[in-house]
$ cat work.txt   # compact mmCIF, N, CA and C atoms
# COMPACT_ATOMS: atom_id res chain seq x y z
N MET M 1 -91.10 13.39 39.10
CA MET M 1 -90.13 14.47 39.25
C MET M 1 -89.16 14.41 38.07
N GLU M 2 -88.95 15.54 37.40
CA GLU M 2 -88.10 15.58 36.22
C GLU M 2 -86.64 15.30 36.53
N ASN M 3 -86.12 15.99 37.52
CA ASN M 3 -84.71 15.86 37.85
C ASN M 3 -84.49 14.79 38.90
N GLU M 4 -84.94 13.59 38.61
CA GLU M 4 -84.75 12.48 39.55
C GLU M 4 -83.26 12.16 39.63
N ILE M 5 -82.73 12.18 40.82
CA ILE M 5 -81.31 11.91 41.02
C ILE M 5 -81.16 10.43 41.29
N ARG M 6 -80.34 9.79 40.51
CA ARG M 6 -80.09 8.36 40.72
C ARG M 6 -78.77 8.23 41.46
N LEU M 7 -78.88 7.86 42.71
CA LEU M 7 -77.70 7.76 43.56
C LEU M 7 -77.87 6.55 44.46
N HIS M 8 -77.02 5.59 44.27
CA HIS M 8 -77.06 4.41 45.13
C HIS M 8 -75.62 4.05 45.47
N ILE M 9 -75.31 4.11 46.73
CA ILE M 9 -73.95 3.82 47.18
C ILE M 9 -74.02 2.70 48.19
N GLU M 10 -73.32 1.62 47.90
CA GLU M 10 -73.31 0.48 48.81
C GLU M 10 -72.45 0.75 50.03
N ASN M 11 -71.26 1.32 49.79
CA ASN M 11 -70.31 1.48 50.86
C ASN M 11 -69.49 2.75 50.63
N PHE M 12 -69.54 3.66 51.58
CA PHE M 12 -68.81 4.92 51.40
C PHE M 12 -67.31 4.73 51.41
N ASP M 13 -66.83 3.63 51.96
CA ASP M 13 -65.38 3.38 51.93
C ASP M 13 -64.90 3.10 50.51
N ASP M 14 -65.81 2.75 49.61
CA ASP M 14 -65.44 2.50 48.22
C ASP M 14 -65.26 3.80 47.44
N ILE M 15 -65.75 4.90 47.97
CA ILE M 15 -65.64 6.18 47.27
C ILE M 15 -64.26 6.76 47.55
N LYS M 16 -63.52 7.01 46.51
CA LYS M 16 -62.15 7.50 46.66
C LYS M 16 -62.07 9.02 46.66
N GLY M 17 -63.12 9.69 46.20
CA GLY M 17 -63.08 11.15 46.18
C GLY M 17 -62.25 11.71 45.05
N ILE M 18 -62.14 10.98 43.96
CA ILE M 18 -61.32 11.44 42.84
C ILE M 18 -62.07 12.47 42.01
N THR M 19 -63.37 12.29 41.82
CA THR M 19 -64.14 13.23 41.01
C THR M 19 -64.96 14.14 41.91
N LEU M 20 -65.44 15.24 41.34
CA LEU M 20 -66.29 16.15 42.11
C LEU M 20 -67.57 15.46 42.54
N GLU M 21 -68.10 14.58 41.69
CA GLU M 21 -69.32 13.86 42.05
C GLU M 21 -69.10 12.96 43.26
N GLU M 22 -67.98 12.26 43.28
CA GLU M 22 -67.68 11.41 44.44
C GLU M 22 -67.52 12.26 45.70
N ARG M 23 -66.88 13.39 45.57
CA ARG M 23 -66.70 14.26 46.73
C ARG M 23 -68.03 14.81 47.22
N ALA M 24 -68.91 15.16 46.29
CA ALA M 24 -70.23 15.66 46.68
C ALA M 24 -71.01 14.58 47.44
N LYS M 25 -70.91 13.35 46.97
CA LYS M 25 -71.60 12.24 47.66
C LYS M 25 -71.00 12.02 49.04
N LEU M 26 -69.69 12.13 49.16
CA LEU M 26 -69.04 11.98 50.46
C LEU M 26 -69.49 13.07 51.42
N VAL M 27 -69.58 14.29 50.93
CA VAL M 27 -69.97 15.42 51.78
C VAL M 27 -71.37 15.22 52.32
N LEU M 28 -72.30 14.78 51.48
CA LEU M 28 -73.68 14.62 51.94
C LEU M 28 -73.86 13.34 52.75
N LEU M 29 -72.93 12.40 52.65
CA LEU M 29 -72.98 11.17 53.45
C LEU M 29 -74.37 10.55 53.46
N THR M 30 -74.91 10.33 52.30
CA THR M 30 -76.23 9.74 52.22
C THR M 30 -76.19 8.46 51.40
N LEU M 31 -76.93 7.49 51.83
CA LEU M 31 -77.11 6.27 51.04
C LEU M 31 -78.38 6.40 50.23
N GLY M 32 -78.80 7.63 49.99
CA GLY M 32 -80.06 7.90 49.31
C GLY M 32 -80.13 7.31 47.92
N ARG M 33 -81.30 6.87 47.58
CA ARG M 33 -81.53 6.31 46.26
C ARG M 33 -82.34 7.24 45.39
N ASN M 34 -82.79 8.35 45.96
CA ASN M 34 -83.57 9.30 45.17
C ASN M 34 -83.31 10.71 45.68
N SER M 35 -83.92 11.67 45.01
CA SER M 35 -83.66 13.06 45.35
C SER M 35 -84.20 13.44 46.72
N ASP M 36 -85.26 12.78 47.19
CA ASP M 36 -85.80 13.08 48.53
C ASP M 36 -84.79 12.73 49.63
N ASP M 37 -84.12 11.59 49.49
CA ASP M 37 -83.11 11.19 50.48
C ASP M 37 -81.95 12.18 50.50
N ILE M 38 -81.53 12.61 49.32
CA ILE M 38 -80.43 13.57 49.23
C ILE M 38 -80.85 14.90 49.84
N HIS M 39 -82.09 15.31 49.57
CA HIS M 39 -82.58 16.57 50.12
C HIS M 39 -82.64 16.50 51.65
N ARG M 40 -83.10 15.37 52.19
CA ARG M 40 -83.14 15.21 53.65
C ARG M 40 -81.75 15.28 54.27
N ALA M 41 -80.79 14.60 53.64
CA ALA M 41 -79.41 14.62 54.14
C ALA M 41 -78.85 16.05 54.09
N TYR M 42 -79.14 16.74 53.00
CA TYR M 42 -78.66 18.12 52.86
C TYR M 42 -79.25 19.01 53.95
N ARG M 43 -80.55 18.93 54.16
CA ARG M 43 -81.21 19.76 55.17
C ARG M 43 -80.63 19.51 56.56
N LYS M 44 -80.42 18.24 56.89
CA LYS M 44 -79.88 17.88 58.20
C LYS M 44 -78.48 18.48 58.40
N LEU M 45 -77.61 18.26 57.41
CA LEU M 45 -76.23 18.76 57.52
C LEU M 45 -76.18 20.29 57.48
N ALA M 46 -77.03 20.89 56.65
CA ALA M 46 -77.04 22.35 56.56
C ALA M 46 -77.49 22.98 57.87
N LEU M 47 -78.49 22.38 58.52
CA LEU M 47 -78.95 22.90 59.81
C LEU M 47 -77.88 22.76 60.88
N GLU M 48 -77.16 21.64 60.88
CA GLU M 48 -76.11 21.41 61.87
C GLU M 48 -74.95 22.38 61.71
N ASN M 49 -74.63 22.73 60.47
CA ASN M 49 -73.42 23.52 60.21
C ASN M 49 -73.70 24.97 59.83
N HIS M 50 -74.94 25.40 59.91
CA HIS M 50 -75.26 26.79 59.54
C HIS M 50 -74.47 27.75 60.42
N PRO M 51 -73.90 28.79 59.82
CA PRO M 51 -73.07 29.73 60.59
C PRO M 51 -73.81 30.43 61.74
N ASP M 52 -75.12 30.54 61.65
CA ASP M 52 -75.88 31.22 62.71
C ASP M 52 -76.15 30.33 63.91
N THR M 53 -75.88 29.03 63.82
CA THR M 53 -76.12 28.12 64.94
C THR M 53 -74.86 27.99 65.79
N THR M 54 -75.03 27.44 67.00
CA THR M 54 -73.88 27.16 67.84
C THR M 54 -73.06 26.07 67.16
N ASN M 55 -71.77 26.18 67.19
CA ASN M 55 -70.85 25.25 66.53
C ASN M 55 -71.01 25.25 65.01
N GLY M 56 -71.62 26.29 64.46
CA GLY M 56 -71.75 26.38 63.01
C GLY M 56 -70.41 26.69 62.36
N ASP M 57 -70.24 26.24 61.15
CA ASP M 57 -68.98 26.43 60.44
C ASP M 57 -69.29 26.92 59.02
N THR M 58 -68.83 28.12 58.71
CA THR M 58 -69.14 28.74 57.41
C THR M 58 -68.59 27.91 56.25
N GLN M 59 -67.34 27.45 56.36
CA GLN M 59 -66.75 26.69 55.26
C GLN M 59 -67.47 25.37 55.05
N LYS M 60 -67.77 24.66 56.12
CA LYS M 60 -68.50 23.39 55.99
C LYS M 60 -69.86 23.63 55.36
N PHE M 61 -70.52 24.70 55.79
CA PHE M 61 -71.83 25.04 55.25
C PHE M 61 -71.74 25.31 53.75
N GLN M 62 -70.71 26.05 53.33
CA GLN M 62 -70.53 26.35 51.92
C GLN M 62 -70.27 25.08 51.11
N VAL M 63 -69.46 24.17 51.66
CA VAL M 63 -69.15 22.92 50.96
C VAL M 63 -70.40 22.06 50.84
N ILE M 64 -71.21 22.01 51.90
CA ILE M 64 -72.45 21.22 51.87
C ILE M 64 -73.40 21.79 50.82
N ASN M 65 -73.54 23.12 50.79
CA ASN M 65 -74.38 23.76 49.77
C ASN M 65 -73.88 23.45 48.37
N GLU M 66 -72.56 23.52 48.20
CA GLU M 66 -71.98 23.27 46.88
C GLU M 66 -72.19 21.81 46.45
N ALA M 67 -72.04 20.89 47.39
CA ALA M 67 -72.25 19.47 47.07
C ALA M 67 -73.70 19.22 46.65
N TYR M 68 -74.62 19.82 47.38
CA TYR M 68 -76.04 19.66 47.05
C TYR M 68 -76.35 20.27 45.68
N GLN M 69 -75.81 21.46 45.45
CA GLN M 69 -76.02 22.13 44.16
C GLN M 69 -75.46 21.28 43.02
N PHE M 70 -74.28 20.69 43.24
CA PHE M 70 -73.65 19.88 42.20
C PHE M 70 -74.47 18.63 41.90
N LEU M 71 -74.97 17.96 42.96
CA LEU M 71 -75.74 16.74 42.75
C LEU M 71 -77.12 17.01 42.16
N THR M 72 -77.71 18.16 42.44
CA THR M 72 -79.05 18.43 41.92
C THR M 72 -79.02 19.14 40.57
N GLU M 73 -78.07 20.06 40.39
CA GLU M 73 -78.03 20.83 39.14
C GLU M 73 -76.90 20.41 38.21
N GLY M 74 -75.91 19.71 38.75
CA GLY M 74 -74.81 19.22 37.92
C GLY M 74 -73.77 20.26 37.57
N LYS M 75 -73.79 21.41 38.23
CA LYS M 75 -72.79 22.44 37.91
C LYS M 75 -72.45 23.26 39.14
N ILE M 76 -71.24 23.80 39.10
CA ILE M 76 -70.77 24.67 40.18
C ILE M 76 -70.11 25.87 39.51
N PRO M 77 -70.52 27.08 39.85
CA PRO M 77 -69.87 28.25 39.26
C PRO M 77 -68.50 28.49 39.88
N GLY M 78 -67.55 28.89 39.05
CA GLY M 78 -66.22 29.23 39.56
C GLY M 78 -65.42 28.02 40.03
N ARG M 79 -64.37 28.28 40.80
CA ARG M 79 -63.54 27.19 41.33
C ARG M 79 -64.27 26.53 42.48
N PRO M 80 -64.55 25.24 42.36
CA PRO M 80 -65.32 24.56 43.40
C PRO M 80 -64.52 24.33 44.68
N LEU M 81 -65.20 24.50 45.80
CA LEU M 81 -64.60 24.17 47.09
C LEU M 81 -64.38 22.67 47.19
N LEU M 82 -65.17 21.89 46.46
CA LEU M 82 -65.02 20.44 46.48
C LEU M 82 -63.65 19.99 45.96
N ALA M 83 -62.95 20.88 45.27
CA ALA M 83 -61.63 20.54 44.74
C ALA M 83 -60.53 20.63 45.78
N ASP M 84 -60.83 21.18 46.94
CA ASP M 84 -59.84 21.37 48.00
C ASP M 84 -59.77 20.11 48.88
N GLU M 85 -58.70 19.34 48.72
CA GLU M 85 -58.57 18.06 49.45
C GLU M 85 -58.65 18.25 50.96
N ALA M 86 -57.91 19.23 51.48
CA ALA M 86 -57.87 19.45 52.94
C ALA M 86 -59.25 19.80 53.48
N LEU M 87 -60.00 20.60 52.74
CA LEU M 87 -61.32 21.00 53.18
C LEU M 87 -62.29 19.82 53.18
N ILE M 88 -62.22 18.96 52.17
CA ILE M 88 -63.09 17.78 52.12
C ILE M 88 -62.76 16.82 53.25
N ILE M 89 -61.48 16.66 53.54
CA ILE M 89 -61.08 15.80 54.66
C ILE M 89 -61.61 16.38 55.97
N GLN M 90 -61.56 17.71 56.12
CA GLN M 90 -62.07 18.36 57.33
C GLN M 90 -63.58 18.16 57.46
N VAL M 91 -64.31 18.28 56.36
CA VAL M 91 -65.77 18.17 56.39
C VAL M 91 -66.22 16.73 56.61
N THR M 92 -65.60 15.78 55.90
CA THR M 92 -66.07 14.39 55.95
C THR M 92 -65.34 13.55 56.98
N GLY M 93 -64.12 13.95 57.36
CA GLY M 93 -63.33 13.14 58.27
C GLY M 93 -62.76 11.91 57.59
N LYS M 94 -62.81 11.89 56.25
CA LYS M 94 -62.28 10.76 55.49
C LYS M 94 -61.17 11.25 54.57
N HIS M 95 -60.20 10.37 54.34
CA HIS M 95 -59.13 10.69 53.41
C HIS M 95 -59.68 10.61 51.99
N VAL M 96 -59.31 11.58 51.17
CA VAL M 96 -59.73 11.55 49.77
C VAL M 96 -58.50 11.60 48.88
N GLN M 97 -58.62 10.97 47.73
CA GLN M 97 -57.52 11.03 46.78
C GLN M 97 -57.62 12.34 46.02
N PRO M 98 -56.49 12.89 45.62
CA PRO M 98 -56.52 14.18 44.93
C PRO M 98 -57.21 14.08 43.58
N LEU M 99 -57.79 15.20 43.16
CA LEU M 99 -58.37 15.27 41.83
C LEU M 99 -57.25 15.08 40.81
N ILE M 100 -57.57 14.44 39.73
CA ILE M 100 -56.56 14.22 38.70
C ILE M 100 -56.28 15.54 38.01
N ASP M 101 -55.03 15.95 38.03
CA ASP M 101 -54.63 17.19 37.37
C ASP M 101 -54.29 16.85 35.93
N LYS M 102 -55.21 17.13 35.03
CA LYS M 102 -55.03 16.75 33.63
C LYS M 102 -53.83 17.43 32.99
N GLN M 103 -53.58 18.66 33.38
CA GLN M 103 -52.44 19.36 32.80
C GLN M 103 -51.13 18.68 33.21
N LYS M 104 -51.05 18.28 34.47
CA LYS M 104 -49.84 17.59 34.95
C LYS M 104 -49.70 16.25 34.22
N LYS M 105 -50.81 15.53 34.09
CA LYS M 105 -50.78 14.24 33.38
C LYS M 105 -50.33 14.44 31.94
N TRP M 106 -50.82 15.49 31.30
CA TRP M 106 -50.45 15.75 29.91
C TRP M 106 -48.96 16.04 29.80
N LYS M 107 -48.42 16.85 30.74
CA LYS M 107 -46.99 17.15 30.71
C LYS M 107 -46.17 15.87 30.90
N GLU M 108 -46.62 14.99 31.82
CA GLU M 108 -45.92 13.72 32.03
C GLU M 108 -45.95 12.87 30.76
N TYR M 109 -47.10 12.86 30.09
CA TYR M 109 -47.22 12.09 28.85
C TYR M 109 -46.30 12.66 27.78
N GLU M 110 -46.29 13.98 27.64
CA GLU M 110 -45.44 14.61 26.64
C GLU M 110 -43.97 14.30 26.91
N THR M 111 -43.55 14.36 28.16
CA THR M 111 -42.17 14.04 28.52
C THR M 111 -41.86 12.58 28.17
N TRP M 112 -42.76 11.68 28.53
CA TRP M 112 -42.56 10.27 28.21
C TRP M 112 -42.47 10.06 26.71
N ARG M 113 -43.37 10.71 25.97
CA ARG M 113 -43.40 10.53 24.51
C ARG M 113 -42.10 11.01 23.89
N ARG M 114 -41.64 12.20 24.30
CA ARG M 114 -40.39 12.72 23.75
C ARG M 114 -39.22 11.79 24.05
N GLU M 115 -39.14 11.35 25.33
CA GLU M 115 -38.04 10.47 25.71
C GLU M 115 -38.14 9.12 25.01
N HIS M 116 -39.34 8.63 24.82
CA HIS M 116 -39.54 7.32 24.20
C HIS M 116 -39.16 7.35 22.72
N PHE M 117 -39.51 8.42 22.02
CA PHE M 117 -39.27 8.48 20.57
C PHE M 117 -37.96 9.13 20.19
N TYR M 118 -37.45 10.07 20.99
CA TYR M 118 -36.25 10.79 20.61
C TYR M 118 -35.06 10.50 21.51
N GLY M 119 -35.28 9.84 22.62
CA GLY M 119 -34.21 9.55 23.54
C GLY M 119 -34.21 10.51 24.72
N VAL M 120 -33.70 10.05 25.85
CA VAL M 120 -33.71 10.86 27.07
C VAL M 120 -32.77 12.05 26.92
N GLY M 121 -33.30 13.25 27.22
CA GLY M 121 -32.49 14.47 27.20
C GLY M 121 -32.22 15.05 25.84
N VAL M 122 -32.81 14.47 24.77
CA VAL M 122 -32.55 14.98 23.42
C VAL M 122 -33.29 16.28 23.18
N ILE M 123 -34.56 16.32 23.55
CA ILE M 123 -35.36 17.53 23.31
C ILE M 123 -35.76 18.12 24.62
$ encode --input "work.txt" --output "structure tokens"
Amino acid sequence: MENEIRLHIENFDDIKGITLEERAKLVLLTLGRNSDDIHRAYRKLALENHPDTTNGDTQKFQVINEAYQFLTEGKIPGRPLLADEALIIQVTGKHVQPLIDKQKKWKEYETWRREHFYGVGVI
């Protein structure tokens, strides 16, 4: 198989959910070591949460589809649902750390740099 997915997770408690890949792995909740295991986990969760079934949940179904798409194709069009902390917590039942906001980090760095080189409150 060309697109062999290499995924081996010892312990899901070690996954912090900082990156989209970690969140996708949390959503699928699989200890799969190959693409067949991931596909089986996806099928099981998709069937349980399909909107047409009893107790189906549209948002959970969309997140599961997005996680599978991300792990198999490596891309997500538009703003990913996996970026929503509250939604991932709802789907997985696990606390996740927020995605790193690079723009916020950059602003913090710029503030530190200005204060460090020019003095606090100068610029």
$ closest_residue --input "work.txt" --among "M:Pro98, M:Thr92, M:Leu82, M:Glu115" --to "Ala67 (chain M)" --atoms "only C-alpha atoms"
M:Leu82
$ atom_distance --input "work.txt" --atom1 "CA of Gly17 (chain M)" --atom2 "CA of Val63 (chain M)"
14.1 Å
$ atom_distance --input "work.txt" --atom1 "CA of Arg40 (chain M)" --atom2 "CA of Gly74 (chain M)"
18.2 Å
$ residues_around --input "work.txt" --residues "Ile64 (chain M)" --least-positions-apart "3" --cutoff "8 Å" --atoms "only N, CA and C atoms" --output "JSON, numbers by chain"
{"M": [24, 27, 28, 42, 45, 46, 58, 59, 60, 61, 67, 68, 69, 70]}
$ atom_distance --input "work.txt" --atom1 "CA of Gly56 (chain M)" --atom2 "CA of Gly93 (chain M)"
16.4 Å
$ select_by_dssp --input "work.txt" --residues "region 11-120 of chain M" --states "helix (DSSP H, G or I)" --output "JSON, numbers by chain"
{"M": [12, 13, 14, 20, 21, 22, 23, 24, 25, 26, 27, 28, 35, 36, 37, 38, 39, 40, 41, 42, 43, 44, 45, 46, 47, 48, 49, 58, 59, 60, 61, 62, 63, 64, 65, 66, 67, 68, 69, 70, 71, 72, 73, 81, 82, 83, 85, 86, 87, 88, 89, 90, 91, 92, 102, 103, 104, 105, 106, 107, 108, 109, 110, 111, 112, 113, 114, 115, 116, 117, 118]}
$ closest_residue --input "work.txt" --among "M:Ala83, M:Ile89, M:Val96, M:Leu71" --to "Glu21 (chain M)" --atoms "only C-alpha atoms"
M:Leu71
$ decode --input "work.txt" --residues "region 13-122 of chain M" --atoms "C-alpha atoms" --output "PDB file, in the first residue's frame"
ATOM      1  CA  ASP M  13      -2.586   9.848  28.156  1.00  0.00           C
ATOM      2  CA  ASP M  14       0.765  10.943  26.704  1.00  0.00           C
ATOM      3  CA  ILE M  15      -0.976  12.770  23.859  1.00  0.00           C
ATOM      4  CA  LYS M  16      -1.475  16.390  24.816  1.00  0.00           C
ATOM      5  CA  GLY M  17      -3.526  17.425  21.788  1.00  0.00           C
ATOM      6  CA  ILE M  18      -1.264  20.329  20.912  1.00  0.00           C
ATOM      7  CA  THR M  19      -1.038  19.595  17.184  1.00  0.00           C
ATOM      8  CA  LEU M  20      -3.759  18.690  14.704  1.00  0.00           C
ATOM      9  CA  GLU M  21      -2.121  15.286  14.253  1.00  0.00           C
ATOM     10  CA  GLU M  22      -2.307  14.562  17.977  1.00  0.00           C
ATOM     11  CA  ARG M  23      -5.936  15.647  18.038  1.00  0.00           C
ATOM     12  CA  ALA M  24      -6.757  13.437  15.056  1.00  0.00           C
ATOM     13  CA  LYS M  25      -5.173  10.458  16.829  1.00  0.00           C
ATOM     14  CA  LEU M  26      -7.148  11.242  19.982  1.00  0.00           C
ATOM     15  CA  VAL M  27     -10.401  11.447  18.035  1.00  0.00           C
ATOM     16  CA  LEU M  28      -9.911   8.062  16.396  1.00  0.00           C
ATOM     17  CA  LEU M  29      -8.756   6.514  19.695  1.00  0.00           C
ATOM     18  CA  THR M  30      -6.816   3.781  17.981  1.00  0.00           C
ATOM     19  CA  LEU M  31      -3.609   2.061  18.940  1.00  0.00           C
ATOM     20  CA  GLY M  32      -3.340   1.109  15.279  1.00  0.00           C
ATOM     21  CA  ARG M  33       0.024   0.492  13.769  1.00  0.00           C
ATOM     22  CA  ASN M  34      -1.116   0.595  10.160  1.00  0.00           C
ATOM     23  CA  SER M  35      -3.752   2.082   7.918  1.00  0.00           C
ATOM     24  CA  ASP M  36      -6.089  -0.927   8.305  1.00  0.00           C
ATOM     25  CA  ASP M  37      -6.339  -0.386  12.080  1.00  0.00           C
ATOM     26  CA  ILE M  38      -7.051   3.306  11.578  1.00  0.00           C
ATOM     27  CA  HIS M  39      -9.670   2.512   8.944  1.00  0.00           C
ATOM     28  CA  ARG M  40     -11.387   0.024  11.285  1.00  0.00           C
ATOM     29  CA  ALA M  41     -11.434   2.562  14.124  1.00  0.00           C
ATOM     30  CA  TYR M  42     -12.826   5.208  11.777  1.00  0.00           C
ATOM     31  CA  ARG M  43     -15.589   2.922  10.475  1.00  0.00           C
ATOM     32  CA  LYS M  44     -16.623   1.933  14.001  1.00  0.00           C
ATOM     33  CA  LEU M  45     -16.780   5.521  15.285  1.00  0.00           C
ATOM     34  CA  ALA M  46     -18.434   6.824  12.116  1.00  0.00           C
ATOM     35  CA  LEU M  47     -21.182   4.204  12.358  1.00  0.00           C
ATOM     36  CA  GLU M  48     -21.789   4.979  16.038  1.00  0.00           C
ATOM     37  CA  ASN M  49     -22.007   8.739  15.486  1.00  0.00           C
ATOM     38  CA  HIS M  50     -23.648   8.954  12.053  1.00  0.00           C
ATOM     39  CA  PRO M  51     -26.444  11.558  12.131  1.00  0.00           C
ATOM     40  CA  ASP M  52     -28.952   9.079  10.661  1.00  0.00           C
ATOM     41  CA  THR M  53     -28.542   6.628  13.570  1.00  0.00           C
ATOM     42  CA  THR M  54     -30.114   6.817  17.014  1.00  0.00           C
ATOM     43  CA  ASN M  55     -27.931   8.956  19.296  1.00  0.00           C
ATOM     44  CA  GLY M  56     -26.038  10.172  16.213  1.00  0.00           C
ATOM     45  CA  ASP M  57     -24.213  13.466  16.495  1.00  0.00           C
ATOM     46  CA  THR M  58     -23.489  15.588  13.410  1.00  0.00           C
ATOM     47  CA  GLN M  59     -20.573  17.498  14.950  1.00  0.00           C
ATOM     48  CA  LYS M  60     -18.880  14.367  16.284  1.00  0.00           C
ATOM     49  CA  PHE M  61     -19.358  12.706  12.915  1.00  0.00           C
ATOM     50  CA  GLN M  62     -17.770  15.685  11.141  1.00  0.00           C
ATOM     51  CA  VAL M  63     -14.807  15.696  13.540  1.00  0.00           C
ATOM     52  CA  ILE M  64     -14.288  11.938  13.080  1.00  0.00           C
ATOM     53  CA  ASN M  65     -14.366  12.352   9.291  1.00  0.00           C
ATOM     54  CA  GLU M  66     -11.935  15.253   9.501  1.00  0.00           C
ATOM     55  CA  ALA M  67      -9.539  13.314  11.741  1.00  0.00           C
ATOM     56  CA  TYR M  68      -9.573  10.365   9.353  1.00  0.00           C
ATOM     57  CA  GLN M  69      -9.059  12.633   6.351  1.00  0.00           C
ATOM     58  CA  PHE M  70      -6.155  14.365   8.103  1.00  0.00           C
ATOM     59  CA  LEU M  71      -4.428  11.095   9.052  1.00  0.00           C
ATOM     60  CA  THR M  72      -4.872   9.518   5.612  1.00  0.00           C
ATOM     61  CA  GLU M  73      -4.418  12.513   3.305  1.00  0.00           C
ATOM     62  CA  GLY M  74      -2.503  14.901   5.561  1.00  0.00           C
ATOM     63  CA  LYS M  75      -4.678  17.921   4.805  1.00  0.00           C
ATOM     64  CA  ILE M  76      -7.896  19.583   5.849  1.00  0.00           C
ATOM     65  CA  PRO M  77      -9.615  22.233   3.728  1.00  0.00           C
ATOM     66  CA  GLY M  78     -10.568  25.464   5.470  1.00  0.00           C
ATOM     67  CA  ARG M  79     -10.589  26.001   9.237  1.00  0.00           C
ATOM     68  CA  PRO M  80     -10.342  22.586  10.863  1.00  0.00           C
ATOM     69  CA  LEU M  81     -12.850  21.475  13.466  1.00  0.00           C
ATOM     70  CA  LEU M  82      -9.894  19.772  15.157  1.00  0.00           C
ATOM     71  CA  ALA M  83      -8.736  23.251  16.200  1.00  0.00           C
ATOM     72  CA  ASP M  84     -11.762  23.709  18.480  1.00  0.00           C
ATOM     73  CA  GLU M  85     -10.665  22.703  22.006  1.00  0.00           C
ATOM     74  CA  ALA M  86     -14.202  22.435  23.418  1.00  0.00           C
ATOM     75  CA  LEU M  87     -15.343  20.234  20.542  1.00  0.00           C
ATOM     76  CA  ILE M  88     -12.374  17.855  20.881  1.00  0.00           C
ATOM     77  CA  ILE M  89     -12.991  17.574  24.617  1.00  0.00           C
ATOM     78  CA  GLN M  90     -16.660  16.788  23.880  1.00  0.00           C
ATOM     79  CA  VAL M  91     -15.759  14.117  21.295  1.00  0.00           C
ATOM     80  CA  THR M  92     -12.908  12.425  23.181  1.00  0.00           C
ATOM     81  CA  GLY M  93     -13.859  13.126  26.788  1.00  0.00           C
ATOM     82  CA  LYS M  94     -10.222  14.079  27.394  1.00  0.00           C
ATOM     83  CA  HIS M  95      -8.695  17.426  28.228  1.00  0.00           C
ATOM     84  CA  VAL M  96      -6.541  18.815  25.429  1.00  0.00           C
ATOM     85  CA  GLN M  97      -4.016  21.586  25.495  1.00  0.00           C
ATOM     86  CA  PRO M  98      -4.747  24.515  23.213  1.00  0.00           C
ATOM     87  CA  LEU M  99      -3.124  24.776  19.819  1.00  0.00           C
ATOM     88  CA  ILE M 100      -0.134  27.057  19.891  1.00  0.00           C
ATOM     89  CA  ASP M 101      -1.160  30.438  18.545  1.00  0.00           C
ATOM     90  CA  LYS M 102       1.933  31.463  16.603  1.00  0.00           C
ATOM     91  CA  GLN M 103       0.756  35.008  16.127  1.00  0.00           C
ATOM     92  CA  LYS M 104       0.279  35.443  19.880  1.00  0.00           C
ATOM     93  CA  LYS M 105       3.697  33.887  20.532  1.00  0.00           C
ATOM     94  CA  TRP M 106       5.270  36.223  17.985  1.00  0.00           C
ATOM     95  CA  LYS M 107       3.675  39.285  19.624  1.00  0.00           C
ATOM     96  CA  GLU M 108       4.954  38.112  23.038  1.00  0.00           C
ATOM     97  CA  TYR M 109       8.432  37.666  21.575  1.00  0.00           C
ATOM     98  CA  GLU M 110       8.365  41.093  19.950  1.00  0.00           C
ATOM     99  CA  THR M 111       7.278  42.697  23.237  1.00  0.00           C
ATOM    100  CA  TRP M 112      10.023  40.871  25.129  1.00  0.00           C
ATOM    101  CA  ARG M 113      12.627  41.830  22.523  1.00  0.00           C
ATOM    102  CA  ARG M 114      11.674  45.514  22.592  1.00  0.00           C
ATOM    103  CA  GLU M 115      11.661  45.615  26.389  1.00  0.00           C
ATOM    104  CA  HIS M 116      14.916  43.663  26.606  1.00  0.00           C
ATOM    105  CA  PHE M 117      16.846  45.874  24.163  1.00  0.00           C
ATOM    106  CA  TYR M 118      15.209  49.282  24.580  1.00  0.00           C
ATOM    107  CA  GLY M 119      13.810  49.181  28.090  1.00  0.00           C
ATOM    108  CA  VAL M 120      10.297  48.702  29.453  1.00  0.00           C
ATOM    109  CA  GLY M 121       7.773  51.190  28.053  1.00  0.00           C
ATOM    110  CA  VAL M 122      10.245  52.910  25.722  1.00  0.00           C
TER     111      VAL M 122
END
